[in-house]
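Trainee: Here it is: the structure, laid out below.
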Amino acid sequence: MRAGARRAAVSAVSTVLVGILATGCGRSGPIEDDDKNGARAHDAVAYTSAGALPERMAADGTTVVVGSPDADTVVHVYEDMRCPVCQEFEREGGGEALQKLALKGEVRLEYTFASFLSDQRHLGGSGSRKAANALRAAVDQGKFIELHELLFAHQPEEAVDGYTDAFLLRTASQVDGLRGKKFDAAVRTMKYGAFVKASQKAFDDGGAAGTPGFAVNGDLVPDQLWGAMFDAELLPVAVRMLAAGVTPAPDETG
């Protein structure tokens with residue numbers, strides 16, 4: 001979705017959310033805003049920084065899990081590290097807002113990494129796969145979230161196959177405690193090539209139309225709310241709404 005279309009979607013979604021919040025629709029009644037109403041009823045575990053968030057591989061072997069194991073809400077993000085729209089999500093409001101929810105212990109984050117952009121004929125290369133492999137290696141060191149942020153902060157142009165071994169290692173040098181023989185070897189040898197391949201299949205099976213894709217508690221975010229995921233103010237409300245089982249009908253956004 002291009003910027004203009006997303007702005008229109010955000011505007012429409014904003015109207016829908018205001019109506020829902022005003023009427024208290026949905027199975028769970030009115031959706032609380034932590035910033036206005038204080039702490040939620042359950043005692044969430046709060047984290048002081050992104051680096052303090054727990055991270056691990058899920059049992060399926062393809063999902064990177066970040067955040068409190070006790071969080072009531074799970075937000076699953078589908079990304080291709082070469083995707084410029086994914087960078088837009090991560091760097092221009094949405095990603096930061098989502099991380100704040102994880103820091104509060106309100107949501108747990110899950111990531112599945114696609115690599116289809118490196119398979120497209122007009123792009124080619126191996127950057128998507130190499131970046132996903134490096135991120136998997138970073139999980140072993142407990143440094144996934146830091147490397148994830150840096151790779152998007154310095155994302156090469158989509159048309160340039162810029163996620164080379166040298167680039168990845170140079171970027172990883174900015175993460176304290178990440179570089180070392182095990183990590184460097186994993187990057188250079190594509191140690192987690194099987195993970196990369198399986199992750200692409202998991203993306204294909206997950207049903208997301210493209211990247212970035214989002215799911216809340218196992219359900220894909222509907223098209224009429226997709227734009228809200230890019231907005232720092234609307235994302236928390238949209239996530240809470242979907243977690244409460246509230247979904248606007250398709251024609252509610254015009």
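The way I read the labels, and the way they are meant: chains A, B, ... in the order of the structure tokens, residue 1 as the first residue of every chain, and ligand 1 as the first ligand shown, with later ones counted on from there.
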Find the residues around Ala202 of chain A up to 9 Å (only C-alpha atoms counted), leave out those fewer than 6 positions away in its own chain, and share them as a PDB file with N, CA and C atoms, in the first residue's frame.
Mentor:
```pdb
ATOM      1  N   THR A  62      10.773 -21.725  13.417  1.00  0.00           N
ATOM      2  CA  THR A  62      10.803 -20.635  12.438  1.00  0.00           C
ATOM      3  C   THR A  62      10.400 -19.291  13.025  1.00  0.00           C
ATOM      4  N   THR A  63       9.826 -19.288  14.211  1.00  0.00           N
ATOM      5  CA  THR A  63       9.302 -18.065  14.808  1.00  0.00           C
ATOM      6  C   THR A  63      10.232 -17.555  15.897  1.00  0.00           C
ATOM      7  N   THR A 112       8.280 -13.758  11.818  1.00  0.00           N
ATOM      8  CA  THR A 112       8.583 -14.732  10.774  1.00  0.00           C
ATOM      9  C   THR A 112       9.223 -13.982   9.616  1.00  0.00           C
ATOM     10  N   PHE A 113      10.355 -14.477   9.143  1.00  0.00           N
ATOM     11  CA  PHE A 113      11.101 -13.766   8.103  1.00  0.00           C
ATOM     12  C   PHE A 113      10.987 -14.467   6.752  1.00  0.00           C
ATOM     13  N   ALA A 114      10.415 -13.726   5.811  1.00  0.00           N
ATOM     14  CA  ALA A 114      10.349 -14.182   4.432  1.00  0.00           C
ATOM     15  C   ALA A 114      11.633 -13.780   3.715  1.00  0.00           C
TER      16      ALA A 114
END
```
Trainee: Please identify all polymer residues within 9 Å of Tyr163 of chain A, counting only C-alpha atoms, omitting same-chain residues fewer than 3 positions from it, and present them as a count of residues only.
Mentor: 15
Trainee: Give me, please, the distance in Å between atom CA of Leu117 of chain A and atom CA of Glu158 of chain A, quoted to one decimal.
Mentor: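 Going from atom CA of Leu117 of chain A over to atom CA of Glu158 of chain A covers 8.5 Å.
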Trainee: Determine the nearest neighbour of Leu135 of chain A from the options A:Asp60, A:Asp219, A:Glu157, A:Asp80, counting only C-alpha atoms.
Mentor: A:Asp80
Trainee: Using only C-alpha atoms, which of A:Lys100, A:Gly61, A:Lys182, A:Gly193 sits nearest Ser49 of chain A?
Mentor: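 Comparing A:Lys100, A:Gly61, A:Lys182, A:Gly193 against Ser49 of chain A, the winner is A:Lys100.
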